[in-house]
$ cat target.cif   # mmCIF, C-alpha atoms
data_start
loop_
_atom_site.label_atom_id
_atom_site.label_comp_id
_atom_site.auth_asym_id
_atom_site.auth_seq_id
_atom_site.Cartn_x
_atom_site.Cartn_y
_atom_site.Cartn_z
CA MET A 278 -25.27 -128.01 68.79
CA ARG A 279 -25.10 -126.55 65.27
CA LYS A 280 -25.75 -122.80 64.92
CA VAL A 281 -28.08 -121.68 62.20
CA LYS A 282 -27.19 -118.40 60.40
CA PHE A 283 -30.02 -116.27 59.14
CA LYS A 284 -29.41 -114.19 56.02
CA LYS A 285 -30.83 -110.68 55.89
CA PRO A 286 -33.47 -110.25 53.26
CA LYS A 287 -32.24 -108.64 50.06
CA THR A 288 -35.11 -106.18 50.13
CA LEU A 289 -33.82 -104.78 53.44
CA LYS A 290 -30.36 -104.19 51.95
CA LYS A 291 -31.86 -102.43 48.94
CA THR A 292 -33.94 -100.20 51.24
CA ASN A 293 -30.87 -99.16 53.23
CA ILE A 294 -28.95 -98.38 50.04
CA LEU A 295 -31.86 -96.32 48.76
CA ILE A 296 -32.12 -94.32 52.00
CA ILE A 297 -28.37 -93.67 52.05
CA SER A 298 -28.47 -92.59 48.40
CA ILE A 299 -31.34 -90.17 49.06
CA ILE A 300 -29.55 -88.64 52.04
CA PHE A 301 -26.36 -88.31 49.98
CA VAL A 302 -28.22 -86.59 47.14
CA LEU A 303 -29.92 -84.19 49.57
CA ILE A 304 -26.58 -83.26 51.11
CA ILE A 305 -25.12 -82.59 47.65
CA LEU A 306 -28.12 -80.44 46.71
CA ILE A 307 -27.83 -78.43 49.93
CA LEU A 308 -24.12 -77.84 49.31
CA ILE A 309 -24.80 -76.76 45.72
CA PHE A 310 -27.58 -74.43 46.83
CA ASN A 311 -25.35 -72.82 49.45
CA PHE A 312 -22.60 -72.38 46.89
CA ILE A 313 -24.96 -70.71 44.43
CA ASN A 314 -26.50 -68.54 47.14
CA LYS A 315 -23.16 -67.26 48.53
CA LYS A 316 -20.82 -67.27 45.54
CA ALA A 317 -22.88 -67.29 42.38
CA SER A 318 -25.74 -64.97 43.35
CA PRO A 319 -23.77 -61.69 43.00
CA ILE A 320 -22.40 -62.75 39.60
CA ILE A 321 -25.78 -63.84 38.28
CA MET A 322 -27.39 -60.72 39.73
CA ASN A 323 -24.93 -58.51 37.81
CA TYR A 324 -26.07 -60.12 34.56
CA ALA A 325 -29.70 -59.71 35.62
CA GLN A 326 -29.14 -56.02 36.44
CA MET A 327 -27.61 -55.33 33.05
CA GLU A 328 -30.58 -56.91 31.27
CA ALA A 329 -33.13 -55.10 33.45
CA LYS A 330 -31.44 -51.74 32.83
CA LYS A 331 -31.18 -52.43 29.10
CA LEU A 332 -34.88 -53.27 28.82
CA SER A 333 -35.89 -50.26 30.93
CA SER A 334 -33.70 -47.94 28.84
CA ILE A 335 -35.38 -49.17 25.66
CA ILE A 336 -38.83 -48.45 27.12
CA ILE A 337 -37.82 -45.02 28.50
CA ASN A 338 -36.06 -43.80 25.35
CA LYS A 339 -38.90 -44.94 23.11
CA ALA A 340 -41.44 -43.20 25.34
CA ILE A 341 -39.47 -39.93 25.33
CA SER A 342 -39.05 -40.12 21.57
CA LYS A 343 -42.73 -40.80 20.87
CA HIS A 344 -44.36 -38.49 23.40
CA ILE A 345 -41.91 -35.56 23.40
CA THR A 346 -39.28 -35.52 20.66
CA GLU A 347 -41.65 -36.40 17.80
CA LYS A 348 -44.47 -34.16 19.04
CA VAL A 349 -42.78 -31.00 20.26
CA ALA A 350 -40.84 -28.53 18.16
CA GLY A 351 -37.90 -27.07 20.05
CA ASP A 352 -39.19 -23.49 19.77
CA GLU A 353 -42.48 -24.48 21.41
CA LEU A 354 -40.69 -25.14 24.68
CA PHE A 355 -39.26 -21.62 24.93
CA THR A 356 -40.90 -18.27 25.60
CA ILE A 357 -38.65 -15.35 24.76
CA THR A 358 -39.39 -11.85 26.08
CA LYS A 359 -37.67 -8.97 24.27
CA GLU A 360 -37.18 -5.28 24.92
CA ASP A 361 -38.62 -2.63 22.59
CA ASN A 362 -35.30 -2.45 20.78
CA GLY A 363 -35.32 -6.19 20.11
CA GLU A 364 -32.84 -7.18 22.79
CA ILE A 365 -33.66 -10.35 24.71
CA ARG A 366 -34.74 -9.66 28.27
CA LEU A 367 -35.91 -13.10 29.44
CA VAL A 368 -35.95 -16.71 28.26
CA ASP A 369 -38.58 -18.83 29.95
CA PHE A 370 -40.17 -22.21 29.32
CA ASN A 371 -43.66 -23.28 28.38
CA THR A 372 -44.33 -25.02 31.68
CA PRO A 373 -47.89 -26.30 30.95
CA LEU A 374 -46.71 -27.88 27.70
CA ILE A 375 -43.67 -29.46 29.34
CA ASN A 376 -45.77 -30.88 32.18
CA LYS A 377 -48.30 -32.29 29.74
CA PHE A 378 -45.73 -34.24 27.75
CA LEU A 379 -43.82 -35.31 30.87
CA THR A 380 -47.03 -36.84 32.22
CA GLU A 381 -47.69 -38.69 28.97
CA THR A 382 -44.12 -40.01 28.89
CA THR A 383 -44.14 -41.13 32.51
CA ASN A 384 -47.49 -42.90 32.13
CA SER A 385 -46.25 -44.64 28.99
CA VAL A 386 -43.15 -45.98 30.77
CA GLN A 387 -45.17 -47.26 33.72
CA MET A 388 -47.81 -48.88 31.50
CA ASN A 389 -45.28 -50.72 29.34
CA LEU A 390 -43.28 -52.01 32.29
CA ARG A 391 -46.48 -53.22 33.97
CA ASN A 392 -47.46 -55.04 30.78
CA ILE A 393 -44.08 -56.77 30.69
CA GLU A 394 -44.53 -57.83 34.33
CA LYS A 395 -47.90 -59.37 33.49
CA GLY A 396 -46.65 -60.92 30.25
CA ASP A 397 -49.18 -58.94 28.21
CA ILE A 398 -46.94 -58.48 25.19
CA ASP A 399 -49.76 -57.60 22.79
CA ALA A 400 -50.50 -54.50 24.88
CA LEU A 401 -46.92 -53.20 24.64
CA GLU A 402 -46.67 -49.78 23.05
CA PHE A 403 -43.19 -50.51 21.67
CA SER A 404 -43.43 -54.25 21.07
CA ASP A 405 -41.41 -54.12 17.84
CA SER A 406 -38.38 -52.60 19.58
CA VAL A 407 -38.62 -54.92 22.58
CA LEU A 408 -39.13 -58.14 20.62
CA THR A 409 -36.04 -57.52 18.49
CA THR A 410 -33.96 -57.89 21.68
CA TYR A 411 -36.00 -60.24 23.88
CA ASP A 412 -37.76 -63.54 23.34
CA LYS A 413 -41.55 -63.28 23.08
CA ASP A 414 -42.21 -66.65 24.71
CA ASP A 415 -40.17 -65.66 27.77
CA LEU A 416 -41.81 -62.24 28.00
CA GLU A 417 -45.26 -63.81 27.93
CA LYS A 418 -44.24 -65.67 31.11
CA GLY A 419 -43.03 -62.44 32.71
CA ILE A 420 -39.40 -63.45 32.18
CA ILE A 421 -37.14 -60.80 30.66
CA TYR A 422 -34.00 -62.93 30.51
CA GLU A 423 -32.59 -66.34 31.39
CA VAL A 424 -29.10 -66.42 32.89
CA SER A 425 -27.05 -69.59 32.42
CA THR A 426 -25.39 -70.86 35.59
CA GLY A 427 -22.19 -71.31 33.57
CA VAL A 428 -21.47 -67.57 33.94
CA ILE A 429 -20.26 -68.18 37.50
CA PHE A 430 -17.07 -69.75 36.14
CA GLY A 431 -16.10 -66.52 34.38
CA ASN A 432 -15.19 -68.37 31.21
CA PRO A 433 -16.84 -67.21 27.94
CA LEU A 434 -16.85 -70.82 26.69
CA LEU A 435 -19.05 -71.81 29.64
CA ALA A 436 -21.29 -68.74 29.59
CA ASN A 437 -24.20 -70.64 28.02
CA VAL A 438 -23.65 -73.90 29.88
CA GLY A 439 -25.83 -75.18 32.69
CA PRO A 440 -29.43 -74.69 33.84
CA LYS A 441 -31.16 -71.44 32.99
CA ILE A 442 -32.19 -69.11 35.80
CA PRO A 443 -35.23 -66.93 34.94
CA VAL A 444 -35.06 -63.19 35.63
CA LYS A 445 -38.20 -61.16 36.34
CA ILE A 446 -38.74 -57.52 37.21
CA ASN A 447 -41.36 -55.65 39.21
CA LEU A 448 -41.89 -51.90 39.05
CA ILE A 449 -41.58 -50.44 42.55
CA GLY A 450 -43.75 -47.36 43.00
CA ASP A 451 -44.18 -44.76 40.26
CA ALA A 452 -41.74 -43.44 37.70
CA THR A 453 -40.55 -39.88 38.31
CA SER A 454 -39.57 -37.35 35.66
CA TYR A 455 -38.37 -33.76 35.49
CA VAL A 456 -36.74 -31.29 33.11
CA SER A 457 -33.21 -29.98 33.53
CA THR A 458 -31.34 -27.37 31.51
CA GLU A 459 -27.77 -26.49 30.72
CA LEU A 460 -26.65 -23.01 29.64
CA LYS A 461 -23.35 -22.59 27.79
CA ASN A 462 -21.51 -19.75 26.09
CA TYR A 463 -21.73 -20.08 22.34
CA GLY A 464 -19.57 -17.73 20.31
CA ILE A 465 -19.72 -13.98 20.92
CA ASN A 466 -22.60 -13.04 23.21
CA ASN A 467 -24.62 -16.11 22.29
CA ALA A 468 -26.06 -18.68 24.67
CA LEU A 469 -26.69 -22.33 23.93
CA ILE A 470 -29.62 -23.71 25.94
CA GLU A 471 -29.95 -27.47 26.17
CA VAL A 472 -33.11 -29.05 27.58
CA TYR A 473 -33.10 -32.59 28.95
CA VAL A 474 -35.79 -34.94 30.22
CA ASN A 475 -34.69 -36.95 33.24
CA LEU A 476 -36.67 -40.07 34.08
CA GLN A 477 -36.06 -42.47 36.95
CA ILE A 478 -37.73 -45.74 37.87
CA SER A 479 -37.21 -48.21 40.71
CA GLU A 480 -37.40 -51.91 39.90
CA LYS A 481 -37.06 -55.12 41.82
CA ILE A 482 -35.09 -57.84 40.05
CA ILE A 483 -36.40 -61.25 41.03
CA LEU A 484 -34.40 -64.48 40.84
CA PRO A 485 -35.56 -67.84 42.24
CA PHE A 486 -33.29 -67.45 45.27
CA TYR A 487 -32.44 -63.74 45.36
CA ASP A 488 -33.94 -60.31 44.68
CA LYS A 489 -32.65 -56.77 44.60
CA VAL A 490 -34.04 -53.27 44.07
CA ILE A 491 -32.26 -51.08 41.50
CA ASN A 492 -32.76 -47.54 40.17
CA VAL A 493 -32.65 -46.87 36.45
CA LYS A 494 -31.96 -43.28 35.40
CA THR A 495 -32.07 -41.85 31.90
CA LYS A 496 -31.21 -38.34 30.73
CA ALA A 497 -32.28 -37.61 27.16
CA PRO A 498 -31.89 -34.32 25.23
CA VAL A 499 -35.16 -32.99 23.80
CA ALA A 500 -34.32 -29.46 22.61
CA ILE A 501 -31.33 -27.24 21.85
CA LYS A 502 -31.65 -23.52 21.15
CA VAL A 503 -29.14 -20.80 20.41
CA VAL A 504 -30.12 -17.43 21.83
CA THR A 505 -28.36 -14.48 20.20
CA GLY A 506 -27.70 -11.35 22.20
CA THR A 507 -26.19 -7.99 21.31
CA VAL A 508 -22.66 -8.14 19.91
CA PRO A 509 -20.29 -6.24 22.28
CA LYS A 510 -17.87 -3.61 21.09
CA TYR A 511 -14.96 -5.48 22.60
CA TYR A 512 -14.46 -9.23 22.90
CA SER A 513 -11.70 -11.03 24.75
CA ASN A 514 -11.87 -14.71 25.69
CA GLY A 515 -15.60 -14.82 26.24
CA LEU A 516 -18.29 -12.29 27.07
CA ASN A 517 -17.21 -8.78 28.05
CA GLN A 518 -18.22 -7.67 31.54
CA SER A 519 -20.11 -4.71 30.11
CA THR A 520 -22.16 -6.91 27.80
CA PRO A 521 -25.87 -7.08 28.74
CA SER A 522 -26.49 -10.34 30.55
CA LEU A 523 -28.97 -12.99 29.46
CA SER A 524 -31.46 -13.86 32.18
CA LEU A 525 -32.46 -17.50 32.27
CA PRO A 526 -34.64 -18.81 35.08
CA ALA A 527 -33.16 -21.84 36.84
CA LEU A 528 -35.33 -24.79 35.95
CA GLU A 529 -33.46 -27.51 37.77
CA LYS A 530 -36.43 -29.70 38.47
CA GLU A 531 -39.91 -29.72 37.04
CA THR A 532 -42.16 -32.46 38.31
CA ASP A 533 -45.66 -33.28 37.25
CA ASN A 534 -48.37 -33.32 39.86
#
$ encode --input "target.cif" --output "structure tokens"
Amino acid sequence: MRKVKFKKPKTLKKTNILIISIIFVLIILILIFNFINKKASPIIMNYAQMEAKKLSSIIINKAISKHITEKVAGDELFTITKEDNGEIRLVDFNTPLINKFLTETTNSVQMNLRNIEKGDIDALEFSDSVLTTYDKDDLEKGIIYEVSTGVIFGNPLLANVGPKIPVKINLIGDATSYVSTELKNYGINNALIEVYVNLQISEKIILPFYDKVINVKTKAPVAIKVVTGTVPKYYSNGLNQSTPSLSLPALEKETDN
């Protein structure tokens, strides 16, 4: 008796090939994702951190410049108390004025970073400075930077190769600011007082597959003053022990309420 062979339908073969191809592609995608997550994430995150810190520094420095440096004369920050003979007895600071401008600066930083998060570029206080460094179309989507996946190879020629990974930031909590001072000897019986504004913010850097919280700190000088005391009769390698001392209150940290 003659056996009859049945041929499998071609459509069934094509279906099997398609299923195998899909499974193969999924496996490749999973392997690539795991590679990016374990090996590439730290490298890409370093680039993202640098961009986040650069943008935050622009916002902070512009806020300090506009709300403190351009508004306050250096002498306005100091209150000098003298003896009847003209000798300096005490150097203090105009605390209400300092707190006022610290509050304005801090609020400005928070407002501008919030606007960048929301993509509200038109509301930015320092849009001209920001847009010279960052792309407006990206910022309107809440993206501060796009990192090319080619950076994982560590080769400058491949730095701009591959898909772009968007980088976003979120402000975590409130910005904090305070004033610090440094007192140095300056010549014979003179003191050089330097006043700095310190501002710190916490941000979360957001990537499609990774996020990280970073702290951005900025210390900017806002005033320098030379205070002249009485010239001593004898001088040897600095102030003489018998020279009247200059009293300067320690203002290590001044926070706004």
$ resolve_selection --input "target.cif" --expression "the PyMOL selection byres ((chain A and resi 387-395) around 10)" --output "PDB file with C-alpha atoms, keeping the file's coordinate frame"
ATOM      1  CA  LEU A 332     -34.880 -53.270  28.820  1.00  0.00           C
ATOM      2  CA  SER A 333     -35.890 -50.260  30.930  1.00  0.00           C
ATOM      3  CA  ILE A 336     -38.830 -48.450  27.120  1.00  0.00           C
ATOM      4  CA  ILE A 337     -37.820 -45.020  28.500  1.00  0.00           C
ATOM      5  CA  ALA A 340     -41.440 -43.200  25.340  1.00  0.00           C
ATOM      6  CA  THR A 382     -44.120 -40.010  28.890  1.00  0.00           C
ATOM      7  CA  THR A 383     -44.140 -41.130  32.510  1.00  0.00           C
ATOM      8  CA  ASN A 384     -47.490 -42.900  32.130  1.00  0.00           C
ATOM      9  CA  SER A 385     -46.250 -44.640  28.990  1.00  0.00           C
ATOM     10  CA  VAL A 386     -43.150 -45.980  30.770  1.00  0.00           C
ATOM     11  CA  GLY A 396     -46.650 -60.920  30.250  1.00  0.00           C
ATOM     12  CA  ASP A 397     -49.180 -58.940  28.210  1.00  0.00           C
ATOM     13  CA  ILE A 398     -46.940 -58.480  25.190  1.00  0.00           C
ATOM     14  CA  ASP A 399     -49.760 -57.600  22.790  1.00  0.00           C
ATOM     15  CA  ALA A 400     -50.500 -54.500  24.880  1.00  0.00           C
ATOM     16  CA  LEU A 401     -46.920 -53.200  24.640  1.00  0.00           C
ATOM     17  CA  GLU A 402     -46.670 -49.780  23.050  1.00  0.00           C
ATOM     18  CA  PHE A 403     -43.190 -50.510  21.670  1.00  0.00           C
ATOM     19  CA  SER A 404     -43.430 -54.250  21.070  1.00  0.00           C
ATOM     20  CA  VAL A 407     -38.620 -54.920  22.580  1.00  0.00           C
ATOM     21  CA  LEU A 416     -41.810 -62.240  28.000  1.00  0.00           C
ATOM     22  CA  GLU A 417     -45.260 -63.810  27.930  1.00  0.00           C
ATOM     23  CA  LYS A 418     -44.240 -65.670  31.110  1.00  0.00           C
ATOM     24  CA  GLY A 419     -43.030 -62.440  32.710  1.00  0.00           C
ATOM     25  CA  ILE A 420     -39.400 -63.450  32.180  1.00  0.00           C
ATOM     26  CA  ILE A 421     -37.140 -60.800  30.660  1.00  0.00           C
ATOM     27  CA  LYS A 445     -38.200 -61.160  36.340  1.00  0.00           C
ATOM     28  CA  ILE A 446     -38.740 -57.520  37.210  1.00  0.00           C
ATOM     29  CA  ASN A 447     -41.360 -55.650  39.210  1.00  0.00           C
ATOM     30  CA  LEU A 448     -41.890 -51.900  39.050  1.00  0.00           C
ATOM     31  CA  GLY A 450     -43.750 -47.360  43.000  1.00  0.00           C
ATOM     32  CA  ASP A 451     -44.180 -44.760  40.260  1.00  0.00           C
ATOM     33  CA  ALA A 452     -41.740 -43.440  37.700  1.00  0.00           C
ATOM     34  CA  THR A 453     -40.550 -39.880  38.310  1.00  0.00           C
ATOM     35  CA  ILE A 478     -37.730 -45.740  37.870  1.00  0.00           C
ATOM     36  CA  GLU A 480     -37.400 -51.910  39.900  1.00  0.00           C
TER      37      GLU A 480
END
$ closest_residue --input "target.cif" --among "A:Ala350, A:Thr410, A:Asp415, A:Tyr422" --to "Ile483 (chain A)" --atoms "only C-alpha atoms"
A:Tyr422
$ axis_aligned_box --input "target.cif" --around "region 477-482 of chain A" --padding-each-side "4 Å" --output "lines of an AutoDock Vina configuration file"
center_x = -36.4
center_y = -50.2
center_z = 39.4
size_x = 10.6
size_y = 23.4
size_z = 12.9
$ atom_distance --input "target.cif" --atom1 "CA of Ile470 (chain A)" --atom2 "CA of Leu367 (chain A)"
12.8 Å
$ atom_distance --input "target.cif" --atom1 "CA of Ser457 (chain A)" --atom2 "CA of Ile335 (chain A)"
20.9 Å
$ atom_distance --input "target.cif" --atom1 "CA of Tyr411 (chain A)" --atom2 "CA of Asn437 (chain A)"
16.3 Å
$ residues_around --input "target.cif" --residues "region 425-427 of chain A" --least-positions-apart "2" --cutoff "9 Å" --atoms "all atoms listed in the file" --output "compact mmCIF listing (two decimals) with C-alpha atoms, in the frame of the given file"
# COMPACT_ATOMS: atom_id res chain seq x y z
CA ILE A 313 -24.96 -70.71 44.43
CA ALA A 317 -22.88 -67.29 42.38
CA ILE A 321 -25.78 -63.84 38.28
CA GLU A 423 -32.59 -66.34 31.39
CA ILE A 429 -20.26 -68.18 37.50
CA PHE A 430 -17.07 -69.75 36.14
CA GLY A 431 -16.10 -66.52 34.38
CA ASN A 432 -15.19 -68.37 31.21
CA PRO A 433 -16.84 -67.21 27.94
CA LEU A 434 -16.85 -70.82 26.69
CA LEU A 435 -19.05 -71.81 29.64
CA ALA A 436 -21.29 -68.74 29.59
CA ASN A 437 -24.20 -70.64 28.02
CA VAL A 438 -23.65 -73.90 29.88
CA GLY A 439 -25.83 -75.18 32.69
CA PRO A 440 -29.43 -74.69 33.84
CA LYS A 441 -31.16 -71.44 32.99
CA ILE A 442 -32.19 -69.11 35.80
CA PRO A 443 -35.23 -66.93 34.94
$ closest_residue --input "target.cif" --among "A:Thr380, A:Asp369, A:Phe486, A:Ile357" --to "Asn311 (chain A)" --atoms "all atoms listed in the file"
A:Phe486
$ residues_around --input "target.cif" --residues "Thr346 (chain A)" --least-positions-apart "6" --cutoff "10 Å" --atoms "all atoms listed in the file" --output "list in words"
Lys339, Ala340, Phe378, Ala497, Pro498, Val499 and Ala500 of chain A
$ write_last_selection --input "target.cif" --atoms "C-alpha atoms" --output "PDB file, in the coordinates of the input"
ATOM      1  CA  LYS A 339     -38.900 -44.940  23.110  1.00  0.00           C
ATOM      2  CA  ALA A 340     -41.440 -43.200  25.340  1.00  0.00           C
ATOM      3  CA  PHE A 378     -45.730 -34.240  27.750  1.00  0.00           C
ATOM      4  CA  ALA A 497     -32.280 -37.610  27.160  1.00  0.00           C
ATOM      5  CA  PRO A 498     -31.890 -34.320  25.230  1.00  0.00           C
ATOM      6  CA  VAL A 499     -35.160 -32.990  23.800  1.00  0.00           C
ATOM      7  CA  ALA A 500     -34.320 -29.460  22.610  1.00  0.00           C
TER       8      ALA A 500
END
